[in-house]
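So this one's upload_30.cif, mmCIF, C-alpha atoms:
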```cif
data_entry
#
loop_
_atom_site.label_atom_id
_atom_site.label_comp_id
_atom_site.auth_asym_id
_atom_site.auth_seq_id
_atom_site.Cartn_x
_atom_site.Cartn_y
_atom_site.Cartn_z
CA MET A 1 12.16 3.86 16.43
CA LEU A 2 9.54 6.17 14.91
CA THR A 3 10.39 9.85 14.64
CA ALA A 4 8.85 12.89 12.99
CA GLY A 5 10.64 14.06 9.86
CA GLU A 6 11.32 17.72 9.17
CA ASP A 7 10.50 17.71 5.46
CA ARG A 8 8.01 16.20 3.07
CA LYS A 9 9.86 12.96 2.66
CA ILE A 10 9.32 9.63 4.36
CA ILE A 11 12.58 7.89 5.18
CA ILE A 12 12.55 4.22 6.12
CA ARG A 13 15.70 2.41 7.15
CA ILE A 14 15.45 -1.22 8.20
CA GLU A 15 18.97 -2.19 9.16
CA ASN A 16 18.07 -5.66 10.39
CA LYS A 17 14.94 -7.71 10.98
CA THR A 18 15.00 -11.31 12.15
CA PHE A 19 12.50 -13.90 13.33
CA THR A 20 13.19 -16.55 15.94
CA GLN A 21 11.94 -20.01 15.07
CA PRO A 22 10.83 -22.64 17.59
CA GLY A 23 14.00 -24.06 19.05
CA GLY A 24 15.70 -20.68 19.12
CA LYS A 25 17.14 -20.50 15.61
CA THR A 26 17.36 -16.89 14.34
CA VAL A 27 16.31 -16.35 10.72
CA PRO A 28 17.27 -13.07 8.98
CA VAL A 29 14.40 -11.59 6.94
CA LEU A 30 15.32 -8.00 5.96
CA GLN A 31 18.70 -6.29 5.96
CA ASN A 32 19.81 -2.79 4.93
CA VAL A 33 16.47 -1.90 3.33
CA GLU A 34 16.17 1.85 2.72
CA LEU A 35 13.15 3.59 1.20
CA ASN A 36 12.91 7.33 0.55
CA ILE A 37 9.39 8.31 -0.50
CA LEU A 38 8.48 11.82 -1.59
CA GLU A 39 5.15 13.39 -0.70
CA GLY A 40 2.52 12.33 -3.25
CA GLU A 41 4.71 9.57 -4.71
CA VAL A 42 3.47 6.03 -5.32
CA VAL A 43 6.20 3.49 -4.63
CA VAL A 44 5.53 -0.18 -5.35
CA VAL A 45 7.56 -2.87 -3.63
CA PHE A 46 7.65 -5.98 -5.79
CA GLY A 47 8.87 -9.39 -4.75
CA SER A 48 8.06 -13.06 -4.68
CA SER A 49 5.78 -14.56 -2.04
CA GLY A 50 7.55 -14.99 1.29
CA CYS A 51 10.40 -12.56 0.56
CA GLY A 52 9.47 -10.19 3.42
CA LYS A 53 7.13 -7.65 1.80
CA THR A 54 4.38 -7.87 4.42
CA THR A 55 6.98 -7.95 7.20
CA LEU A 56 8.37 -4.68 5.84
CA LEU A 57 4.92 -3.07 5.83
CA ASN A 58 4.18 -4.22 9.37
CA LEU A 59 7.43 -2.67 10.59
CA ILE A 60 6.61 0.62 8.88
CA ALA A 61 3.07 0.61 10.30
CA GLY A 62 4.31 -0.05 13.83
CA LEU A 63 2.59 -3.44 14.07
CA ASP A 64 6.00 -5.01 14.67
CA VAL A 65 8.59 -2.93 16.55
CA ASP A 66 11.25 -5.61 16.95
CA PHE A 67 13.86 -4.40 14.46
CA GLN A 68 16.97 -2.28 14.12
CA GLY A 69 16.52 0.92 12.15
CA SER A 70 14.35 4.02 11.98
CA ILE A 71 11.18 5.32 10.34
CA GLU A 72 10.70 9.03 9.75
CA LEU A 73 7.29 10.25 8.62
CA GLY A 74 6.98 13.60 6.88
CA THR A 75 5.02 16.44 8.44
CA GLN A 76 1.95 16.09 6.21
CA GLY A 77 -1.12 14.00 7.08
CA ASN A 78 -2.12 11.98 10.11
CA GLY A 79 0.02 8.92 10.58
CA ILE A 80 -0.44 5.75 8.53
CA GLY A 81 -3.47 4.32 6.74
CA TYR A 82 -3.24 0.57 6.09
CA VAL A 83 -5.18 -1.45 3.51
CA PHE A 84 -4.62 -5.12 4.35
CA GLN A 85 -4.81 -8.15 2.08
CA GLU A 86 -8.25 -8.84 3.60
CA PRO A 87 -10.73 -5.96 4.10
CA ARG A 88 -10.97 -6.52 7.89
CA LEU A 89 -14.25 -4.63 8.23
CA LEU A 90 -16.07 -5.10 11.52
CA PRO A 91 -19.23 -7.05 10.59
CA TRP A 92 -21.47 -5.47 13.24
CA LEU A 93 -20.81 -1.94 11.94
CA THR A 94 -22.08 -0.34 8.75
CA VAL A 95 -19.65 0.88 6.11
CA GLU A 96 -20.03 4.40 7.46
CA ASP A 97 -19.42 3.32 11.05
CA ASN A 98 -16.33 1.35 10.01
CA LEU A 99 -14.94 4.67 8.79
CA ARG A 100 -15.88 6.40 12.04
CA LEU A 101 -13.97 3.71 13.91
CA VAL A 102 -10.64 5.15 12.74
CA GLY A 103 -11.50 8.49 14.31
CA GLU A 104 -13.15 10.29 11.39
CA ASN A 105 -16.39 11.86 12.66
CA ASN A 106 -16.73 14.58 10.06
CA GLU A 107 -19.85 13.72 8.05
CA GLU A 108 -18.69 15.69 5.03
CA ALA A 109 -15.30 13.96 5.01
CA ILE A 110 -16.92 10.52 5.30
CA SER A 111 -19.35 11.28 2.48
CA SER A 112 -16.53 12.60 0.31
CA VAL A 113 -14.31 9.54 0.66
CA LEU A 114 -17.22 7.13 0.15
CA GLU A 115 -18.16 9.05 -2.97
CA ALA A 116 -14.56 8.75 -4.19
CA VAL A 117 -14.63 4.94 -3.95
CA GLY A 118 -18.14 4.62 -5.35
CA LEU A 119 -19.89 3.62 -2.13
CA ALA A 120 -21.98 6.71 -1.43
CA ASP A 121 -25.19 4.68 -1.75
CA SER A 122 -23.89 1.88 0.47
CA HIS A 123 -22.93 3.89 3.56
CA GLN A 124 -25.53 2.15 5.75
CA THR A 125 -24.78 -1.33 4.41
CA TYR A 126 -23.25 -4.01 6.63
CA PRO A 127 -20.11 -5.82 5.37
CA ASN A 128 -21.87 -9.18 4.90
CA ARG A 129 -24.04 -7.55 2.23
CA LEU A 130 -21.06 -6.29 0.23
CA SER A 131 -19.34 -8.08 -2.62
CA LEU A 132 -15.61 -8.68 -2.15
CA GLY A 133 -14.84 -5.84 -4.54
CA MET A 134 -17.11 -3.46 -2.59
CA ALA A 135 -15.56 -4.59 0.70
CA ARG A 136 -12.11 -3.81 -0.65
CA ARG A 137 -13.31 -0.35 -1.70
CA ALA A 138 -14.69 0.19 1.81
CA ALA A 139 -11.32 -0.80 3.29
CA LEU A 140 -9.61 1.71 0.99
CA ALA A 141 -12.07 4.41 2.06
CA ARG A 142 -11.36 3.67 5.72
CA ALA A 143 -7.61 4.06 5.16
CA LEU A 144 -8.06 7.30 3.21
CA ALA A 145 -10.51 8.79 5.72
CA ILE A 146 -7.77 9.89 8.13
CA ASN A 147 -5.82 11.75 5.43
CA PRO A 148 -2.74 9.65 6.18
CA ALA A 149 0.83 10.84 5.80
CA LEU A 150 1.47 7.42 4.26
CA LEU A 151 -1.06 5.04 2.72
CA ILE A 152 0.15 1.43 2.92
CA MET A 153 -1.50 -1.13 0.64
CA ASP A 154 -0.63 -4.81 1.01
CA GLU A 155 -1.84 -6.62 -2.13
CA PRO A 156 -5.32 -5.11 -1.69
CA PHE A 157 -6.70 -6.64 -4.90
CA VAL A 158 -5.48 -10.19 -4.34
CA SER A 159 -8.04 -12.99 -4.90
CA LEU A 160 -10.26 -10.82 -7.11
CA ASP A 161 -11.19 -11.94 -10.60
CA GLU A 162 -9.25 -10.06 -13.27
CA ASN A 163 -12.16 -7.90 -14.43
CA THR A 164 -12.88 -6.70 -10.89
CA ALA A 165 -9.17 -6.16 -10.22
CA VAL A 166 -8.87 -4.04 -13.38
CA ARG A 167 -11.87 -1.92 -12.33
CA LEU A 168 -10.38 -1.34 -8.89
CA ARG A 169 -6.94 -0.50 -10.30
CA ASN A 170 -8.62 2.05 -12.57
CA LEU A 171 -10.53 3.46 -9.59
CA LEU A 172 -7.34 3.68 -7.55
CA THR A 173 -5.59 5.45 -10.43
CA GLU A 174 -8.34 8.09 -10.42
CA ILE A 175 -8.06 8.51 -6.65
CA LEU A 176 -4.27 8.82 -6.85
CA GLU A 177 -4.57 11.55 -9.47
CA LEU A 178 -7.27 13.45 -7.57
CA HIS A 179 -6.07 13.20 -3.96
CA LYS A 180 -2.34 12.51 -4.50
CA PRO A 181 -1.72 10.50 -1.32
CA THR A 182 1.76 9.20 -0.57
CA VAL A 183 1.56 5.46 -1.15
CA LEU A 184 3.63 2.37 -0.45
CA PHE A 185 2.03 -0.48 -2.37
CA VAL A 186 3.07 -4.13 -2.21
CA THR A 187 2.27 -6.60 -4.97
CA HIS A 188 3.61 -9.65 -6.78
CA ASP A 189 1.62 -8.76 -9.93
CA LEU A 190 3.89 -7.02 -12.46
CA LYS A 191 0.95 -5.64 -14.43
CA GLU A 192 -0.39 -4.04 -11.26
CA ALA A 193 3.03 -2.63 -10.41
CA VAL A 194 3.58 -0.91 -13.76
CA THR A 195 0.00 0.37 -13.85
CA LEU A 196 0.14 2.14 -10.49
CA ALA A 197 3.73 3.00 -9.63
CA ASP A 198 5.89 6.07 -10.01
CA ARG A 199 8.75 3.77 -8.99
CA VAL A 200 9.07 0.02 -8.50
CA LEU A 201 11.55 -1.36 -5.97
CA PHE A 202 12.46 -5.03 -6.33
CA LEU A 203 12.97 -6.89 -3.06
CA LYS A 204 15.26 -9.89 -3.49
CA GLY A 205 17.52 -12.21 -1.58
CA SER A 206 17.64 -13.77 1.87
CA PRO A 207 17.76 -11.66 3.92
CA ALA A 208 15.87 -9.46 1.45
CA GLN A 209 17.23 -6.16 0.18
CA VAL A 210 16.19 -3.63 -2.45
CA ALA A 211 18.14 -5.05 -5.37
CA GLU A 212 16.75 -3.03 -8.30
CA GLU A 213 14.77 0.14 -8.96
CA LEU A 214 12.68 1.14 -11.97
CA LYS A 215 11.28 4.66 -12.40
CA PHE A 216 8.51 5.58 -14.85
CA ASP A 217 8.26 8.90 -16.67
CA THR A 218 4.81 8.52 -18.25
CA PRO A 219 1.97 9.62 -15.94
CA ARG A 220 -0.32 6.81 -14.75
CA ILE A 221 -3.42 8.38 -16.22
CA VAL A 222 -2.10 8.23 -19.82
CA ARG A 223 -0.26 4.88 -19.82
CA GLY A 224 -1.73 3.03 -22.76
CA PRO A 225 -1.28 -0.66 -23.64
CA GLU A 226 2.01 -0.11 -25.50
CA VAL A 227 3.56 1.87 -22.67
CA LEU A 228 2.41 -0.66 -20.08
CA ALA A 229 3.75 -3.55 -22.15
CA ASP A 230 7.13 -1.79 -22.43
CA TYR A 231 7.20 -1.08 -18.69
CA GLU A 232 6.27 -4.66 -17.87
CA GLU A 233 9.06 -5.98 -20.12
CA ARG A 234 11.59 -3.67 -18.45
CA ALA A 235 10.35 -4.74 -15.02
CA ARG A 236 10.59 -8.43 -15.94
CA THR A 237 14.17 -7.94 -17.13
CA LEU A 238 15.16 -6.43 -13.78
CA LEU A 239 13.25 -9.12 -11.92
CA ASN A 240 15.19 -11.89 -13.68
CA ARG A 241 18.65 -10.43 -13.16
#
```
Mind turning this structure into structure tokens?
Amino acid sequence: MLTAGEDRKIIIRIENKTFTQPGGKTVPVLQNVELNILEGEVVVVFGSSGCGKTTLLNLIAGLDVDFQGSIELGTQGNGIGYVFQEPRLLPWLTVEDNLRLVGENNEEAISSVLEAVGLADSHQTYPNRLSLGMARRAALARALAINPALLIMDEPFVSLDENTAVRLRNLLTEILELHKPTVLFVTHDLKEAVTLADRVLFLKGSPAQVAEELKFDTPRIVRGPEVLADYEERARTLLNR
């Protein structure tokens, strides 16, 4: 069930989510997962591969509606922007036209978001001429173009070399500080989690639940190596409980 919230908080309650295997066996995936996300907050969901992170995002995005629970979006923004693990750009459309595809026809808005991700000079480029890093930036621009109430990011920097991933994390940090979108970000990279998050929620168990929470008090933009190392150590301690 998807309902409109009355305040500037996104409330997600997944009471139960199961999958049915061939042969009819029911497998529980998520149970009693509750997320409360404030407007402008960046919440990272951290967990091992296969624990249900992408399933959780697909439920929130409405791509899978077979669950028990509720999702309440705040009153700000226009629905949900989703950055998938793969860029999923349509190859026969230019970067600019891929942004128009989500319903954004305001030239100024398109130019602004492409400028923000460093693709202003590539607006007429087709996806097959983009590097993977540029394609991921275009996918981020497409998600931001609608001014979403919630920006969902599912391991958007996976499979990038470390130098490119660092550059894109730094770019995302700048965008988060400038535009302050509300973000739910999934990763299994602890360094990425402590770099980007206001809070990290640890998804554990089978069926998975939010088992631990870690909140950071140092703003992203000024987290130096020592702070990040401390945060990563604290996160690893919670992860190994």
- Task: Name the residues captured by the PyMOL selection byres ((chain A and resi 15-18) around 12) when it is applied to the shown file; answer as number ranges by chain.
- Result: A: 1, 12-14, 19-21, 24-35, 52, 55-56, 58-60, 64-71, 206-209
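Among the candidates A:Arg220, A:Lys215, A:Ser48, A:Tyr82, the one nearest to Leu63 in chain A when counting only C-alpha atoms is A:Tyr82.
Taking CA of Glu41 in chain A and CA of Lys204 in chain A as the two end points, the separation is 22.2 Å.
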- Using the chain letters and residue numbers of this document, give as a ChimeraX atom specification the residues selected by the PyMOL selection byres ((chain A and resi 88-98) around 12). /A:82-87,99-115,117,119-130,132,134-143,145,156
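Minimum atom-to-atom distances from A:His179, A:Glu233, A:Phe216, A:Gly118 to Arg167 in chain A were compared using all atoms listed in the file, and the lowest value belongs to A:Gly118.
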- Rank A:Leu203, A:Ile10, A:Ala149, A:Ala165 by their smallest atom-to-atom distance to Pro181 in chain A, using all atoms listed in the file, and report the top residue only. A:Ala149
- Query: When you draw a straight line from CA of Glu72 in chain A to CA of Leu172 in chain A, how long is it in Å?
  - Reply: 25.6 Å
- What do you get, as JSON, numbers by chain, if you spell out every residue that the PyMOL selection byres ((chain A and resi 42) around 8) selects here? {"A": [37, 40, 41, 43, 44, 181, 182, 183, 184, 185, 196, 197, 198, 199]}
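Remark: for Leu38 in chain A, the closest of the candidate residues A:Ile175, A:Leu57, A:Leu73, A:Leu160 is A:Leu73 (distances computed over all atoms listed in the file).
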- CA of Leu150 in chain A sits from CA of Lys53 in chain A at a separation of 16.3 Å
- Message: Env of Glu162 in chain A: 12 Å cut, atoms = all atoms listed in the file, seq-sep filter 5 positions within chain, self excluded. Answer as a list of chain:residue names.
- Response: A:Gly133, A:Phe157, A:Arg167, A:Leu168, A:Arg169, A:Asp189, A:Lys191, A:Glu192
Write a file for range 65-105 of chain A of the given structure; include N, CA and C atoms and format it as a PDB file, in the first residue's frame.
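Listed below is the output, selection-v9.pdb:
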```pdb
ATOM      1  N   VAL A  65       4.874  -5.163  -5.599  1.00  0.00           N
ATOM      2  CA  VAL A  65       3.806  -4.748  -4.671  1.00  0.00           C
ATOM      3  C   VAL A  65       3.282  -5.925  -3.847  1.00  0.00           C
ATOM      4  N   ASP A  66       3.943  -7.057  -3.945  1.00  0.00           N
ATOM      5  CA  ASP A  66       3.502  -8.249  -3.237  1.00  0.00           C
ATOM      6  C   ASP A  66       4.174  -8.318  -1.863  1.00  0.00           C
ATOM      7  N   PHE A  67       3.634  -7.582  -0.913  1.00  0.00           N
ATOM      8  CA  PHE A  67       4.179  -7.571   0.440  1.00  0.00           C
ATOM      9  C   PHE A  67       3.107  -7.096   1.403  1.00  0.00           C
ATOM     10  N   GLN A  68       3.365  -7.315   2.693  1.00  0.00           N
ATOM     11  CA  GLN A  68       2.499  -6.785   3.732  1.00  0.00           C
ATOM     12  C   GLN A  68       3.219  -5.604   4.379  1.00  0.00           C
ATOM     13  N   GLY A  69       2.522  -4.464   4.452  1.00  0.00           N
ATOM     14  CA  GLY A  69       3.117  -3.290   5.046  1.00  0.00           C
ATOM     15  C   GLY A  69       2.609  -2.022   4.389  1.00  0.00           C
ATOM     16  N   SER A  70       3.323  -0.940   4.571  1.00  0.00           N
ATOM     17  CA  SER A  70       2.893   0.346   4.019  1.00  0.00           C
ATOM     18  C   SER A  70       4.103   1.223   3.734  1.00  0.00           C
ATOM     19  N   ILE A  71       3.930   2.134   2.772  1.00  0.00           N
ATOM     20  CA  ILE A  71       4.963   3.103   2.415  1.00  0.00           C
ATOM     21  C   ILE A  71       4.305   4.460   2.340  1.00  0.00           C
ATOM     22  N   GLU A  72       4.786   5.397   3.142  1.00  0.00           N
ATOM     23  CA  GLU A  72       4.230   6.748   3.168  1.00  0.00           C
ATOM     24  C   GLU A  72       5.305   7.738   2.731  1.00  0.00           C
ATOM     25  N   LEU A  73       5.074   8.369   1.583  1.00  0.00           N
ATOM     26  CA  LEU A  73       5.990   9.393   1.102  1.00  0.00           C
ATOM     27  C   LEU A  73       5.601  10.734   1.697  1.00  0.00           C
ATOM     28  N   GLY A  74       6.592  11.573   1.977  1.00  0.00           N
ATOM     29  CA  GLY A  74       6.304  12.925   2.451  1.00  0.00           C
ATOM     30  C   GLY A  74       5.671  13.754   1.345  1.00  0.00           C
ATOM     31  N   THR A  75       5.367  14.976   1.661  1.00  0.00           N
ATOM     32  CA  THR A  75       4.635  15.841   0.719  1.00  0.00           C
ATOM     33  C   THR A  75       5.556  16.571  -0.245  1.00  0.00           C
ATOM     34  N   GLN A  76       6.872  16.497  -0.054  1.00  0.00           N
ATOM     35  CA  GLN A  76       7.795  17.223  -0.903  1.00  0.00           C
ATOM     36  C   GLN A  76       8.207  16.383  -2.099  1.00  0.00           C
ATOM     37  N   GLY A  77       8.457  17.020  -3.255  1.00  0.00           N
ATOM     38  CA  GLY A  77       8.991  16.314  -4.403  1.00  0.00           C
ATOM     39  C   GLY A  77       7.947  15.577  -5.210  1.00  0.00           C
ATOM     40  N   ASN A  78       8.436  14.827  -6.189  1.00  0.00           N
ATOM     41  CA  ASN A  78       7.567  14.173  -7.175  1.00  0.00           C
ATOM     42  C   ASN A  78       7.844  12.680  -7.242  1.00  0.00           C
ATOM     43  N   GLY A  79       7.398  11.952  -6.249  1.00  0.00           N
ATOM     44  CA  GLY A  79       7.541  10.509  -6.306  1.00  0.00           C
ATOM     45  C   GLY A  79       8.963  10.059  -6.042  1.00  0.00           C
ATOM     46  N   ILE A  80       9.389   9.005  -6.741  1.00  0.00           N
ATOM     47  CA  ILE A  80      10.653   8.337  -6.458  1.00  0.00           C
ATOM     48  C   ILE A  80      11.552   8.362  -7.685  1.00  0.00           C
ATOM     49  N   GLY A  81      12.807   8.756  -7.486  1.00  0.00           N
ATOM     50  CA  GLY A  81      13.843   8.625  -8.503  1.00  0.00           C
ATOM     51  C   GLY A  81      14.704   7.431  -8.152  1.00  0.00           C
ATOM     52  N   TYR A  82      15.037   6.600  -9.147  1.00  0.00           N
ATOM     53  CA  TYR A  82      15.733   5.338  -8.883  1.00  0.00           C
ATOM     54  C   TYR A  82      17.001   5.286  -9.728  1.00  0.00           C
ATOM     55  N   VAL A  83      18.143   5.119  -9.074  1.00  0.00           N
ATOM     56  CA  VAL A  83      19.411   4.878  -9.767  1.00  0.00           C
ATOM     57  C   VAL A  83      19.759   3.407  -9.553  1.00  0.00           C
ATOM     58  N   PHE A  84      19.685   2.631 -10.630  1.00  0.00           N
ATOM     59  CA  PHE A  84      19.883   1.183 -10.547  1.00  0.00           C
ATOM     60  C   PHE A  84      21.374   0.826 -10.540  1.00  0.00           C
ATOM     61  N   GLN A  85      21.649  -0.454 -10.309  1.00  0.00           N
ATOM     62  CA  GLN A  85      23.028  -0.921 -10.345  1.00  0.00           C
ATOM     63  C   GLN A  85      23.642  -0.736 -11.731  1.00  0.00           C
ATOM     64  N   GLU A  86      22.848  -0.881 -12.775  1.00  0.00           N
ATOM     65  CA  GLU A  86      23.281  -0.596 -14.140  1.00  0.00           C
ATOM     66  C   GLU A  86      22.603   0.693 -14.593  1.00  0.00           C
ATOM     67  N   PRO A  87      23.259   1.507 -15.445  1.00  0.00           N
ATOM     68  CA  PRO A  87      22.691   2.810 -15.808  1.00  0.00           C
ATOM     69  C   PRO A  87      21.322   2.751 -16.487  1.00  0.00           C
ATOM     70  N   ARG A  88      21.072   1.703 -17.280  1.00  0.00           N
ATOM     71  CA  ARG A  88      19.774   1.513 -17.947  1.00  0.00           C
ATOM     72  C   ARG A  88      19.358   2.722 -18.788  1.00  0.00           C
ATOM     73  N   LEU A  89      20.305   3.297 -19.503  1.00  0.00           N
ATOM     74  CA  LEU A  89      19.992   4.369 -20.450  1.00  0.00           C
ATOM     75  C   LEU A  89      19.527   3.754 -21.756  1.00  0.00           C
ATOM     76  N   LEU A  90      18.526   4.368 -22.381  1.00  0.00           N
ATOM     77  CA  LEU A  90      18.063   3.868 -23.668  1.00  0.00           C
ATOM     78  C   LEU A  90      19.079   4.257 -24.745  1.00  0.00           C
ATOM     79  N   PRO A  91      19.638   3.265 -25.453  1.00  0.00           N
ATOM     80  CA  PRO A  91      20.770   3.545 -26.351  1.00  0.00           C
ATOM     81  C   PRO A  91      20.425   4.381 -27.566  1.00  0.00           C
ATOM     82  N   TRP A  92      19.133   4.424 -27.958  1.00  0.00           N
ATOM     83  CA  TRP A  92      18.754   5.185 -29.151  1.00  0.00           C
ATOM     84  C   TRP A  92      18.409   6.645 -28.834  1.00  0.00           C
ATOM     85  N   LEU A  93      18.527   7.016 -27.550  1.00  0.00           N
ATOM     86  CA  LEU A  93      18.272   8.396 -27.140  1.00  0.00           C
ATOM     87  C   LEU A  93      19.559   9.041 -26.639  1.00  0.00           C
ATOM     88  N   THR A  94      19.696  10.335 -26.874  1.00  0.00           N
ATOM     89  CA  THR A  94      20.831  11.067 -26.318  1.00  0.00           C
ATOM     90  C   THR A  94      20.692  11.175 -24.805  1.00  0.00           C
ATOM     91  N   VAL A  95      21.752  11.627 -24.164  1.00  0.00           N
ATOM     92  CA  VAL A  95      21.698  11.848 -22.714  1.00  0.00           C
ATOM     93  C   VAL A  95      20.540  12.770 -22.375  1.00  0.00           C
ATOM     94  N   GLU A  96      20.427  13.858 -23.097  1.00  0.00           N
ATOM     95  CA  GLU A  96      19.358  14.830 -22.855  1.00  0.00           C
ATOM     96  C   GLU A  96      17.980  14.206 -23.019  1.00  0.00           C
ATOM     97  N   ASP A  97      17.811  13.408 -24.059  1.00  0.00           N
ATOM     98  CA  ASP A  97      16.505  12.788 -24.303  1.00  0.00           C
ATOM     99  C   ASP A  97      16.194  11.692 -23.291  1.00  0.00           C
ATOM    100  N   ASN A  98      17.224  11.047 -22.737  1.00  0.00           N
ATOM    101  CA  ASN A  98      16.981  10.092 -21.658  1.00  0.00           C
ATOM    102  C   ASN A  98      16.404  10.799 -20.442  1.00  0.00           C
ATOM    103  N   LEU A  99      16.812  12.046 -20.212  1.00  0.00           N
ATOM    104  CA  LEU A  99      16.234  12.821 -19.111  1.00  0.00           C
ATOM    105  C   LEU A  99      14.801  13.228 -19.433  1.00  0.00           C
ATOM    106  N   ARG A 100      14.549  13.578 -20.682  1.00  0.00           N
ATOM    107  CA  ARG A 100      13.176  13.957 -21.064  1.00  0.00           C
ATOM    108  C   ARG A 100      12.215  12.777 -20.908  1.00  0.00           C
ATOM    109  N   LEU A 101      12.741  11.587 -21.027  1.00  0.00           N
ATOM    110  CA  LEU A 101      11.908  10.389 -20.965  1.00  0.00           C
ATOM    111  C   LEU A 101      11.177  10.269 -19.632  1.00  0.00           C
ATOM    112  N   VAL A 102      11.753  10.797 -18.566  1.00  0.00           N
ATOM    113  CA  VAL A 102      11.106  10.685 -17.248  1.00  0.00           C
ATOM    114  C   VAL A 102      10.094  11.798 -17.021  1.00  0.00           C
ATOM    115  N   GLY A 103       9.877  12.627 -18.039  1.00  0.00           N
ATOM    116  CA  GLY A 103       8.832  13.638 -17.942  1.00  0.00           C
ATOM    117  C   GLY A 103       9.333  15.039 -17.710  1.00  0.00           C
ATOM    118  N   GLU A 104      10.662  15.224 -17.731  1.00  0.00           N
ATOM    119  CA  GLU A 104      11.226  16.558 -17.522  1.00  0.00           C
ATOM    120  C   GLU A 104      11.476  17.220 -18.870  1.00  0.00           C
ATOM    121  N   ASN A 105      10.646  18.202 -19.217  1.00  0.00           N
ATOM    122  CA  ASN A 105      10.767  18.893 -20.503  1.00  0.00           C
ATOM    123  C   ASN A 105      11.234  20.337 -20.355  1.00  0.00           C
TER     124      ASN A 105
END
```
